[in-house]
4 protein chains.
Amino acid sequence: MCGIIGIVGTTEVASALYDGLTVLQHRGQDAAGIATVDGARLRLHKENGLVRDVFNQTSMSHLRGRIGIGHCRYPTAGSEGSSESQPFYVNSPYGIAFAHNGNLVNTETLRREMFEDDRRHINTDSDSEVLLNVLAHELQIQDRMALTPDHIFKAVAGVHARARGGYACLALLLGYGLLAFRDPNGIRPLVLGERVTPEGREYAVTSESVALDILGFKRLRDVAPGEAVFITVDGQLHTRMCAESAVHSPCIFEYVYLARPDSMIENVSVYKARLRMGQKLAEKILRERPDHGIEAVIPIPDTARTAASALAEALGVPFREGFVKNRYIGRTFIMPGQGERVKSVRRKLNPVELEFRKKNVLLVDDSIVRGTTSRQIIQMARDAGARNVFFASAAPPVRYPNVYGIDMPAASELVAAGHTVQEVEKMLGADWLIYQDLQDLIWAVQDGNENLKHFDTSCFNGEYITGLDQHYLQQIEMLRSDDAKAARRSA
Amino acid sequence: MCGIIGIVGTTEVASALYDGLTVLQHRGQDAAGIATVDGARLRLHKENGLVRDVFNQTSMSHLRGRIGIGHCRYPTAGSEGSSESQPFYVNSPYGIAFAHNGNLVNTETLRREMFEDDRRHINTDSDSEVLLNVLAHELQIQDRMALTPDHIFKAVAGVHARARGGYACLALLLGYGLLAFRDPNGIRPLVLGERVTPEGREYAVTSESVALDILGFKRLRDVAPGEAVFITVDGQLHTRMCAESAVHSPCIFEYVYLARPDSMIENVSVYKARLRMGQKLAEKILRERPDHGIEAVIPIPDTARTAASALAEALGVPFREGFVKNRYIGRTFIMPGQGERVKSVRRKLNPVELEFRKKNVLLVDDSIVRGTTSRQIIQMARDAGARNVFFASAAPPVRYPNVYGIDMPAASELVAAGHTVQEVEKMLGADWLIYQDLQDLIWAVQDGNENLKHFDTSCFNGEYITGLDQHYLQQIEMLRSDDAKAARRSA
Amino acid sequence: MCGIIGIVGTTEVASALYDGLTVLQHRGQDAAGIATVDGARLRLHKENGLVRDVFNQTSMSHLRGRIGIGHCRYPTAGSEGSSESQPFYVNSPYGIAFAHNGNLVNTETLRREMFEDDRRHINTDSDSEVLLNVLAHELQIQDRMALTPDHIFKAVAGVHARARGGYACLALLLGYGLLAFRDPNGIRPLVLGERVTPEGREYAVTSESVALDILGFKRLRDVAPGEAVFITVDGQLHTRMCAESAVHSPCIFEYVYLARPDSMIENVSVYKARLRMGQKLAEKILRERPDHGIEAVIPIPDTARTAASALAEALGVPFREGFVKNRYIGRTFIMPGQGERVKSVRRKLNPVELEFRKKNVLLVDDSIVRGTTSRQIIQMARDAGARNVFFASAAPPVRYPNVYGIDMPAASELVAAGHTVQEVEKMLGADWLIYQDLQDLIWAVQDGNENLKHFDTSCFNGEYITGLDQHYLQQIEMLRSDDAKAARRSA
Amino acid sequence: MCGIIGIVGTTEVASALYDGLTVLQHRGQDAAGIATVDGARLRLHKENGLVRDVFNQTSMSHLRGRIGIGHCRYPTAGSEGSSESQPFYVNSPYGIAFAHNGNLVNTETLRREMFEDDRRHINTDSDSEVLLNVLAHELQIQDRMALTPDHIFKAVAGVHARARGGYACLALLLGYGLLAFRDPNGIRPLVLGERVTPEGREYAVTSESVALDILGFKRLRDVAPGEAVFITVDGQLHTRMCAESAVHSPCIFEYVYLARPDSMIENVSVYKARLRMGQKLAEKILRERPDHGIEAVIPIPDTARTAASALAEALGVPFREGFVKNRYIGRTFIMPGQGERVKSVRRKLNPVELEFRKKNVLLVDDSIVRGTTSRQIIQMARDAGARNVFFASAAPPVRYPNVYGIDMPAASELVAAGHTVQEVEKMLGADWLIYQDLQDLIWAVQDGNENLKHFDTSCFNGEYITGLDQHYLQQIEMLRSDDAKAARRSA
């Protein structure tokens, strides 16, 4: 879960990259960075924190140039340190700055090859740094006399041949231009836009179309799976398919939770897809629990609101904002001699008690991952006086880890892993619990673009399109479990 | 628009004050501060910024003590500097820390009296510092031998006799306890809660009941207009009516816009009041425009969502979240040689285009103040392809400045001041525009508590319960106009 | 040990106060602050740290005004927190900002009176805050109609009647002017200067004349013991003796160690006084150890250099800079798994080995307090190959605590307290040790101004000019011992 | 003018590097950095500022590892930005961190070759980054199978073949060890030390021996001109001569001004060399001005103090510290409406007036560069009442720019360039002026080590040992002139 944006403009681009990152911020609030090309110099500023905190007038004024990339990071496997924020930079060959959304499943092999065969030192745990060095190496073995788009596309083909996983990438090649490419299965999203200004045509490539909207770029199309787009410093657009044909499998979690509702991904409106999720869920409820007796449909804000409102409409039951989200959550301070603290979920959500008292309420969330929050919310609804608390998930049970760039806990910490719906219902303490069916979820997205035949739904059914070996999932288990994280943090 | 909270606890209170301020943050994001009493010492930390940015582990660890107050500030008349964040402190008599929500209308007179008669120096433009010194003076003229609750209540009565305006106040009297009081008309809200812990009974007094909820305090009741509450350092509660009987006139804008929906103010649920505003508005639409042809009701997020959903339900028209709010708005950087910038409203809201295309949409906002944003939003809806754009305001036309602590522009900058609804409709560019009637707004609140006979509705009808002189509104005009603000900032 | 400066100028004074503080910085590196009067407002900025770190362009630009005071602090008894940096401010009466160099010996009594009789709250451990409140109270009981110089001088007389100790004080009285006064014994220094500019006459009052030099002010004279100087906002100078006649007893430690060599104090050049200390010491050596066999005189930099060079000249022995002072001492970091650390004195001084090898060297320091550093330095000289290491102190044995504002350890930690010179010689490990005689030290200063008949020499002979009670020295013992300090810091 | 230090230790080295940098700080106060090797990771922290400000507990705690390098920077040609602080890092091949003291005279050629032939991007103006990439390239073309000391020394030989100038370098080769090497003429200093600890033998390589002293390392010897020293991660020391034999020409300015007096460079005590400079100067004065009539010899602190004291001794004239250096110089703030400011030299030095009044004084400085400060100091001496002001420079006239790493202005800004001593005397306003003869300066150093036959004395006689082309000096002229600097800074 990261957001990326690259622009080849006709005037200074730093503030457009900044504005773009602010609307991609939901994809990663952990760190942010911008790199621009200022004549022969790379300008780079990155730091842990929100976009609005990372950049100030001083840092922005150094980010001169008409071409640049930006990145906001949500930590995935193993990458929590501040040195691992992006863009990354290597100076050989040419000088390359690199930003990436996604995750590789053969990082360890690549990392070993990089050092042993290519004598390239990787200084962080980030698979993005590995991917950058694979790209650098593939560029280095091209003909050294003059780097043409043809050489660049060959290098991307070389990357596809070595890397396995989901990845959408942006690279600044100093003196040449902006390179964008997407993994052969098209797991992670990447969209291309253009803007015509009095000074000429400008291009932007980014994770979500909202960034184009906000900047006044017109969405042209999604970058195709395996395709590379190269825009020269003087604004010439070159594109080429750089991978063998593979099954197009966009990540369905983008629609469920990750993307902003106002984005179009693969020509599907995320907002519409969520409305359809609500409809399908209503149909299932009416089918399975015709006498549901629900008196209010209450979303867990913010993501679930869209599906919940469609669900309420379809059920013919009032839609009520029973929970108010605290938008200004603070830190937790440990004070000596302090009394009882606010419960963690209470810091995030507060119930409007009148909406619960003596009612049968259906709480709707976009998905259930660990189940901890859901359990606390259900209890909160009961404490507010609800007679019966039902719970609906707009996505199917999450039972397998995500390996393509969405930060999800280890399988052992997923509440639904190895459990039936009835068992989960009991663990959460709901009067009843209902999950979306996977086929319904797929339909909800597919209905927006019939050309989409397949999705990455691995969290729900454990089918990993790129293939994985047993070893990899064990490793993930070790890296992502809470205990492992706590140990790393205190190191 | 400020938020205040005070606690007399049995253990350390700083982190509870902090948590409380985070849920009052919507009342003021400009500055924050906490003061606690640590033995004979006052501990104080305040700074410009959000609660989460103002406090860190170091500052929190200095805020020792079992009794304290917190404040978050939204700048009102003339108070923009960082030195004017609260709590304020004077060391004579006793040592008093003071936090305040509201505004006085006779500040200039008091300021002059303070200096000339009482030789007290006021070092800021803040009327809170004036009010603190009035209180300090009234305490100083009490018998000096031993300060009893009786003396304290007499001092509050002295404050009421001198101060005119809307004010809810908290004061720490070092060595004595926490004093809370509210203006004789009860314009600004103040609510009292208690929590029973194994170590004993604790009290909290705060602007909104959500802060009590989140901290596990039980809401006891609103502090009455003109009443003072004094809680001694060892937790004894004393209360007394300290003002002549006056018309109880709570600010109706708290229900329209300012308060969190999950708060109870004067025993009225803000959420319910907003639902009723939506219903009443629907009735008016059905009455005045029976053939409205609306295909989607779209709220301007976030405040209008509640009223809009009830309105949609009452009209029987789909409720659609057509605008997505950007939660991570960044700063505006001025870059040399930079091209076209994102329009200001575009940085805050992005339309889901499919919800507008070829539709007749009704946009709903809580109120219309300057009209600038509304006009841009209406245009955005048209750009997104709407066929007709109707606009509804859950509050009546705002035609007069607020003088009781809500930051609103000068009359000359209110779009409805001196204009008919038809003229405003035209200025905003709506196909039609509808405003809530004032009687309907009053009903929507009153329906929750029939004891409420009167409200401060001065922004709508220009009737100021405390009385004003001509001079005062002219002064406000000068202080609050944009030009005046720009001039002060650059000074 | 603090430095103070006040200016009544004809144009902005903040940068002159800043420059002045940088040359007073040797009197206190712990915290710094400036207060100015900007129309009716007090502007104040203070923080822990060096002058150059405390102020930046932003803070300076707020310090508008033609009249102001500055302070740099070396922590004395009990005042280590950041909230205790100066100037202090009270708003009643008039608004007073206050900066002070010195120490009171009846703080506890005054503190109690302040609260019980005057209901003034003192929020820090600083005796400066106490003194400010005594002054505030004395001003408050003057006639309230119009504050004349006469009233002000009466208030100062009131302060002298209540306060006991050594104090040089500056106070800004808002709307009136700058007040400066000095304790009746004139223990702490205070000097008055003037500068004539095209815009008119300006006055400055400060701890040391170097600050006048650097700012282009002409030194007029020292403020007399017990005298008060009041300069109105429009530059009128008023002076008056406000105390009963008392023995003039300037602190002799200013000449030994504290003041800059280029300062004139009581019309005595500090540099010349130190040269004379060296001469007298040489005479004693020649008298007591005619066959001293010293081959090089080596000062402990920086203060002792002046006396040592005169001593070498008088002995006819080469003067050699055998120790190089490290000007960029860093912090001590504790690193896990770290090997042996540099010894503390080694971080400050490094020997030039060739100057020690096989030589008889005389090390000269200005004084010996705890003896810890001296012992390490003597060992360092031996390690560098010295044959014999002799040690001379330009001041007599320090056997009693300083109670008038110089930070010195508790008596129990003074190496000479309760010990003979022979015992100290042995503890330090010197081949022989020689101390200046007190009469010679007095002569060295007196020779510059024969009107000086008496000095505060209490650290050497335990005679406290203001009188003390037994209780006070015990209290000091408790506050200043290292264990006590460590306990407070970790609290 | 930079300071470098590298350590291969048996335990954590970060705090030793930090302590070492604090005693090298006089070589560069502009920026500081430390890099350590922590397992397979490079840890790096660098920033603009003094060592004590650049590092804090957090940054230090990340600098884990038993091997590391540190750098403090004084800006030379063109390198003022914060991105140009050292150590620098490239990740290919192996991962190399690099720190450097000195300057290359063929940077532009190397920079072009780097990009065109080696496709390595240089992102700063720093010649250190160029030198690092030359080294990286030379390492990359070695056999890739296993990097032996032999390969490493071949790579250093390759660097010597390409680079021209004065350079002392430290490089961390990740996974291999610490490499140190010095230019073939040995212009810049580099010294090797060892320390035997219970855990084994440790090595340090650094600019000046004081850093060894302070850390308890024994000085073994200077690294020879053209020699490379390689210490493996497990502490094995390898050395080899890697350059053709060349004339050994240490920079004589290290003795005049740059180095600390307590350092040994090329087995010569800097302190002793300075004493001899004073003696020789005295001889010249006695020879040329036998009736000099000097009544006091007054050094310009701090560097000139050593030579001046020997000079005074040799003349038989009192040595007096007539100027007191302000150790706490602050920034210059520009305040609106501000009156006259302190003169720049007055902020740094203050005269002890009594030492000047009606005397004939000889002021002694280590050298005269621009002459601006000297002129102001002479005037200051006159203002203090001196009858005659004579001026002596312990170094000959500086007439040519330094191109080997000492920051000196362009020739056009050197007061002595193109002028006779009489002309300079007049320009400075001295009653008479005397310069050291070059042969005397050489003798003063040489007398400490008769093996030194030649020095880099190019600033005095324009003879550049490495050869230069006309173009280069013009370029320096353009880069270093004040106008050029001002233009760059405002860019």
# chains A, B, ... in the order shown; residues from 1 in each chain; ligands from 1

call {"tool": "residues_around", "arguments": {"residues": "stretch 370-382 of chain A", "least_positions_apart": "5", "cutoff": "7 Å", "atoms": "only C-alpha atoms", "output": "CSV table (one decimal) with all heavy atoms, in the first residue's frame"}}
result
chain,number,residue,atom,x,y,z
A,345,VAL,N,-10.3,1.5,20.7
A,345,VAL,CA,-11.3,1.8,19.7
A,345,VAL,C,-12.1,3.0,20.0
A,345,VAL,O,-12.6,3.7,19.1
A,345,VAL,CB,-12.2,0.6,19.4
A,345,VAL,CG1,-13.2,0.4,20.5
A,345,VAL,CG2,-12.8,0.6,18.0
A,356,PHE,N,-28.8,3.5,18.9
A,356,PHE,CA,-28.6,2.1,19.3
A,356,PHE,C,-29.7,1.6,20.2
A,356,PHE,O,-30.1,0.5,20.2
A,356,PHE,CB,-27.2,1.9,19.9
A,356,PHE,CG,-26.1,2.0,18.9
A,356,PHE,CD1,-25.5,3.2,18.7
A,356,PHE,CD2,-25.7,0.9,18.1
A,356,PHE,CE1,-24.5,3.4,17.8
A,356,PHE,CE2,-24.7,1.1,17.2
A,356,PHE,CZ,-24.1,2.3,17.0
A,389,VAL,N,-27.2,-7.1,17.8
A,389,VAL,CA,-26.2,-6.5,17.0
A,389,VAL,C,-25.8,-7.5,15.9
A,389,VAL,O,-25.2,-8.6,16.2
A,389,VAL,CB,-24.9,-6.1,17.8
A,389,VAL,CG1,-23.9,-5.4,16.9
A,389,VAL,CG2,-25.3,-5.2,18.9
A,413,GLU,N,-2.8,-14.5,12.5
A,413,GLU,CA,-3.5,-13.4,13.2
A,413,GLU,C,-4.8,-12.9,12.5
A,413,GLU,O,-5.5,-12.0,12.9
A,413,GLU,CB,-2.6,-12.2,13.3
A,413,GLU,CG,-1.5,-12.5,14.4
A,413,GLU,CD,-0.3,-11.6,14.3
A,413,GLU,OE1,-0.4,-10.6,13.5
A,413,GLU,OE2,0.6,-11.8,15.1
A,414,LEU,N,-5.2,-13.6,11.4
A,414,LEU,CA,-6.4,-13.4,10.7
A,414,LEU,C,-7.5,-14.1,11.4
A,414,LEU,O,-7.4,-15.4,11.5
A,414,LEU,CB,-6.3,-13.8,9.2
A,414,LEU,CG,-5.3,-13.1,8.4
A,414,LEU,CD1,-5.1,-13.8,7.0
A,414,LEU,CD2,-5.7,-11.6,8.2
A,415,VAL,N,-8.6,-13.4,11.8
A,415,VAL,CA,-9.6,-14.1,12.6
A,415,VAL,C,-10.3,-15.2,11.9
A,415,VAL,O,-10.7,-16.2,12.5
A,415,VAL,CB,-10.6,-13.1,13.2
A,415,VAL,CG1,-11.5,-12.5,12.1
A,415,VAL,CG2,-11.5,-13.7,14.3
A,428,LEU,N,-16.5,-12.8,17.5
A,428,LEU,CA,-16.7,-11.4,17.5
A,428,LEU,C,-17.8,-11.0,18.4
A,428,LEU,O,-18.0,-9.9,18.8
A,428,LEU,CB,-17.1,-11.0,16.1
A,428,LEU,CG,-16.1,-11.2,14.9
A,428,LEU,CD1,-16.6,-10.5,13.7
A,428,LEU,CD2,-14.7,-10.7,15.3
A,429,GLY,N,-18.7,-12.0,18.8
A,429,GLY,CA,-19.8,-11.7,19.7
A,429,GLY,C,-21.0,-11.1,19.0
A,429,GLY,O,-21.8,-10.4,19.7
A,430,ALA,N,-21.1,-11.3,17.7
A,430,ALA,CA,-22.3,-10.8,17.0
A,430,ALA,C,-23.5,-11.7,17.2
A,430,ALA,O,-23.3,-12.9,17.3
A,430,ALA,CB,-21.9,-10.6,15.5

call {"tool": "residues_around", "arguments": {"residues": "C:Gly278", "least_positions_apart": "3", "cutoff": "7 Å", "atoms": "only C-alpha atoms", "output": "list in words"}}
result
Arg274, Leu275, Leu281, Ala282, Ala307, Ala308, Ala310, Leu311 and Ala394 of chain C

call {"tool": "select_by_dssp", "arguments": {"residues": "stretch 351-478 of chain D", "states": "helix (DSSP H, G or I)", "output": "VMD selection string"}}
result
chain D and resid 353 to 355 372 to 383 411 to 413 421 to 428 438 to 446 458 to 461 470 to 478

call {"tool": "interface_residues", "arguments": {"of": "chain C", "to": "chain B", "cutoff": "8 Å", "atoms": "only C-alpha atoms", "output": "count of residues only"}}
result
18

call {"tool": "residues_around", "arguments": {"residues": "A:Val159", "least_positions_apart": "5", "cutoff": "12 Å", "atoms": "only C-alpha atoms", "output": "PDB file with N, CA and C atoms, in the first residue's frame"}}
result
ATOM      1  N   LEU A 104       7.496  -7.812  -4.052  1.00  0.00           N
ATOM      2  CA  LEU A 104       8.059  -8.946  -4.799  1.00  0.00           C
ATOM      3  C   LEU A 104       8.012 -10.192  -3.937  1.00  0.00           C
ATOM      4  N   LEU A 110      16.745 -12.347  -5.474  1.00  0.00           N
ATOM      5  CA  LEU A 110      17.253 -11.176  -6.200  1.00  0.00           C
ATOM      6  C   LEU A 110      18.338 -10.470  -5.398  1.00  0.00           C
ATOM      7  N   VAL A 130      15.795  -3.288  -3.997  1.00  0.00           N
ATOM      8  CA  VAL A 130      16.216  -4.436  -4.804  1.00  0.00           C
ATOM      9  C   VAL A 130      15.764  -4.240  -6.247  1.00  0.00           C
ATOM     10  N   LEU A 131      14.496  -3.888  -6.413  1.00  0.00           N
ATOM     11  CA  LEU A 131      13.934  -3.732  -7.758  1.00  0.00           C
ATOM     12  C   LEU A 131      14.665  -2.627  -8.520  1.00  0.00           C
ATOM     13  N   LEU A 132      14.971  -1.537  -7.833  1.00  0.00           N
ATOM     14  CA  LEU A 132      15.739  -0.465  -8.466  1.00  0.00           C
ATOM     15  C   LEU A 132      17.086  -0.982  -8.952  1.00  0.00           C
ATOM     16  N   ASN A 133      17.743  -1.790  -8.147  1.00  0.00           N
ATOM     17  CA  ASN A 133      19.055  -2.277  -8.552  1.00  0.00           C
ATOM     18  C   ASN A 133      18.959  -3.303  -9.685  1.00  0.00           C
ATOM     19  N   VAL A 134      17.868  -4.072  -9.705  1.00  0.00           N
ATOM     20  CA  VAL A 134      17.662  -4.957 -10.867  1.00  0.00           C
ATOM     21  C   VAL A 134      17.537  -4.085 -12.116  1.00  0.00           C
ATOM     22  N   LEU A 135      16.721  -3.056 -12.047  1.00  0.00           N
ATOM     23  CA  LEU A 135      16.562  -2.152 -13.188  1.00  0.00           C
ATOM     24  C   LEU A 135      17.900  -1.513 -13.570  1.00  0.00           C
ATOM     25  N   ALA A 136      18.645  -1.046 -12.555  1.00  0.00           N
ATOM     26  CA  ALA A 136      19.938  -0.402 -12.817  1.00  0.00           C
ATOM     27  C   ALA A 136      20.871  -1.375 -13.529  1.00  0.00           C
ATOM     28  N   HIS A 137      20.885  -2.598 -13.039  1.00  0.00           N
ATOM     29  CA  HIS A 137      21.763  -3.588 -13.654  1.00  0.00           C
ATOM     30  C   HIS A 137      21.344  -3.863 -15.098  1.00  0.00           C
ATOM     31  N   GLU A 138      20.057  -3.989 -15.320  1.00  0.00           N
ATOM     32  CA  GLU A 138      19.580  -4.268 -16.691  1.00  0.00           C
ATOM     33  C   GLU A 138      19.884  -3.085 -17.610  1.00  0.00           C
ATOM     34  N   LEU A 139      19.855  -1.889 -17.086  1.00  0.00           N
ATOM     35  CA  LEU A 139      20.221  -0.723 -17.909  1.00  0.00           C
ATOM     36  C   LEU A 139      21.727  -0.705 -18.158  1.00  0.00           C
ATOM     37  N   ILE A 152      15.850   0.984 -23.235  1.00  0.00           N
ATOM     38  CA  ILE A 152      15.116   1.086 -21.965  1.00  0.00           C
ATOM     39  C   ILE A 152      14.057   0.002 -21.873  1.00  0.00           C
ATOM     40  N   PHE A 153      13.331  -0.208 -22.969  1.00  0.00           N
ATOM     41  CA  PHE A 153      12.286  -1.239 -22.938  1.00  0.00           C
ATOM     42  C   PHE A 153      12.904  -2.630 -22.800  1.00  0.00           C
ATOM     43  N   LYS A 154      14.071  -2.828 -23.395  1.00  0.00           N
ATOM     44  CA  LYS A 154      14.758  -4.115 -23.205  1.00  0.00           C
ATOM     45  C   LYS A 154      15.128  -4.310 -21.740  1.00  0.00           C
ATOM     46  N   ARG A 164       9.391 -11.292  -9.588  1.00  0.00           N
ATOM     47  CA  ARG A 164       8.077 -11.904  -9.497  1.00  0.00           C
ATOM     48  C   ARG A 164       7.293 -11.196  -8.410  1.00  0.00           C
ATOM     49  N   GLY A 165       6.045 -10.835  -8.698  1.00  0.00           N
ATOM     50  CA  GLY A 165       5.234 -10.162  -7.686  1.00  0.00           C
ATOM     51  C   GLY A 165       4.300  -9.164  -8.328  1.00  0.00           C
ATOM     52  N   TYR A 167       3.833  -5.129  -8.940  1.00  0.00           N
ATOM     53  CA  TYR A 167       4.594  -3.892  -8.830  1.00  0.00           C
ATOM     54  C   TYR A 167       4.192  -2.878  -9.880  1.00  0.00           C
ATOM     55  N   CYS A 169       5.731   0.783 -11.053  1.00  0.00           N
ATOM     56  CA  CYS A 169       7.001   1.463 -10.802  1.00  0.00           C
ATOM     57  C   CYS A 169       7.155   2.744 -11.605  1.00  0.00           C
ATOM     58  N   PHE A 181       6.313   1.425 -15.372  1.00  0.00           N
ATOM     59  CA  PHE A 181       5.943   0.085 -15.830  1.00  0.00           C
ATOM     60  C   PHE A 181       5.195  -0.675 -14.751  1.00  0.00           C
ATOM     61  N   ARG A 182       4.510  -1.709 -15.181  1.00  0.00           N
ATOM     62  CA  ARG A 182       3.592  -2.432 -14.312  1.00  0.00           C
ATOM     63  C   ARG A 182       3.836  -3.921 -14.492  1.00  0.00           C
ATOM     64  N   ASP A 183       3.642  -4.693 -13.450  1.00  0.00           N
ATOM     65  CA  ASP A 183       3.939  -6.131 -13.501  1.00  0.00           C
ATOM     66  C   ASP A 183       3.069  -6.842 -14.542  1.00  0.00           C
ATOM     67  N   PRO A 184       3.527  -7.978 -15.055  1.00  0.00           N
ATOM     68  CA  PRO A 184       2.846  -8.679 -16.154  1.00  0.00           C
ATOM     69  C   PRO A 184       1.407  -9.076 -15.844  1.00  0.00           C
ATOM     70  N   GLY A 226       2.324  -5.449 -17.784  1.00  0.00           N
ATOM     71  CA  GLY A 226       3.551  -5.740 -18.531  1.00  0.00           C
ATOM     72  C   GLY A 226       3.997  -4.632 -19.463  1.00  0.00           C
ATOM     73  N   GLU A 227       3.210  -3.596 -19.572  1.00  0.00           N
ATOM     74  CA  GLU A 227       3.552  -2.506 -20.473  1.00  0.00           C
ATOM     75  C   GLU A 227       4.527  -1.535 -19.803  1.00  0.00           C
ATOM     76  N   ALA A 228       5.379  -0.895 -20.621  1.00  0.00           N
ATOM     77  CA  ALA A 228       6.218   0.188 -20.115  1.00  0.00           C
ATOM     78  C   ALA A 228       5.898   1.462 -20.880  1.00  0.00           C
ATOM     79  N   CYS A 242       6.300  -5.130 -22.629  1.00  0.00           N
ATOM     80  CA  CYS A 242       7.640  -5.655 -22.331  1.00  0.00           C
ATOM     81  C   CYS A 242       7.612  -7.010 -21.669  1.00  0.00           C
ATOM     82  N   ALA A 243       6.430  -7.629 -21.572  1.00  0.00           N
ATOM     83  CA  ALA A 243       6.369  -8.933 -20.912  1.00  0.00           C
ATOM     84  C   ALA A 243       5.606  -9.913 -21.782  1.00  0.00           C
TER      85      ALA A 243
END

call {"tool": "residues_around", "arguments": {"residues": "C:Glu295", "least_positions_apart": "2", "cutoff": "12 Å", "atoms": "only C-alpha atoms", "output": "list of chain:residue names"}}
result
C:Asp291, C:His292, C:Gly293, C:Val297, C:Ile298, C:Ala312, C:Leu315, C:Gly316, C:Val317, C:Pro318, C:Phe319, C:Arg320, C:Glu355, C:Phe356, C:Arg357, C:Lys358, C:Lys359, C:Asn360, C:Val361, C:Leu362, C:Leu363, C:Ala386, C:Arg387, C:Asn388, C:Val389, C:Phe390

call {"tool": "select_by_dssp", "arguments": {"residues": "stretch 374-463 of chain C", "states": "strand (DSSP E)", "output": "PyMOL selection string"}}
result
chain C and resi 388-393+432-435

call {"tool": "atom_distance", "arguments": {"atom1": "atom CA of C:Glu12", "atom2": "atom CA of C:Ile67"}}
result
7.6 Å

call {"tool": "residues_around", "arguments": {"residues": "stretch 452-457 of chain A", "least_positions_apart": "5", "cutoff": "8 Å", "atoms": "only C-alpha atoms", "output": "MDAnalysis selection string"}}
result
chainID A and resid 187 247:253 442 446 462:465

call {"tool": "residues_around", "arguments": {"residues": "A:Phe88", "least_positions_apart": "2", "cutoff": "7 Å", "atoms": "only C-alpha atoms", "output": "NGL selection string"}}
result
:A and (86 or 97-99 or 129)

call {"tool": "residues_around", "arguments": {"residues": "B:Asn106", "least_positions_apart": "2", "cutoff": "10 Å", "atoms": "only C-alpha atoms", "output": "ChimeraX atom specification"}}
result
/B:103-104,108-111,127,162-165,468-469,472

call {"tool": "atom_distance", "arguments": {"atom1": "atom CA of B:Cys72", "atom2": "atom CA of C:Ala31"}}
result
29.2 Å

call {"tool": "atom_distance", "arguments": {"atom1": "atom CA of A:Arg27", "atom2": "atom CA of A:His471"}}
result
28.3 Å

call {"tool": "closest_residue", "arguments": {"among": "B:Tyr176, B:Ser245, B:Gly186, B:Gly166", "to": "B:His151", "atoms": "only C-alpha atoms"}}
result
B:Tyr176
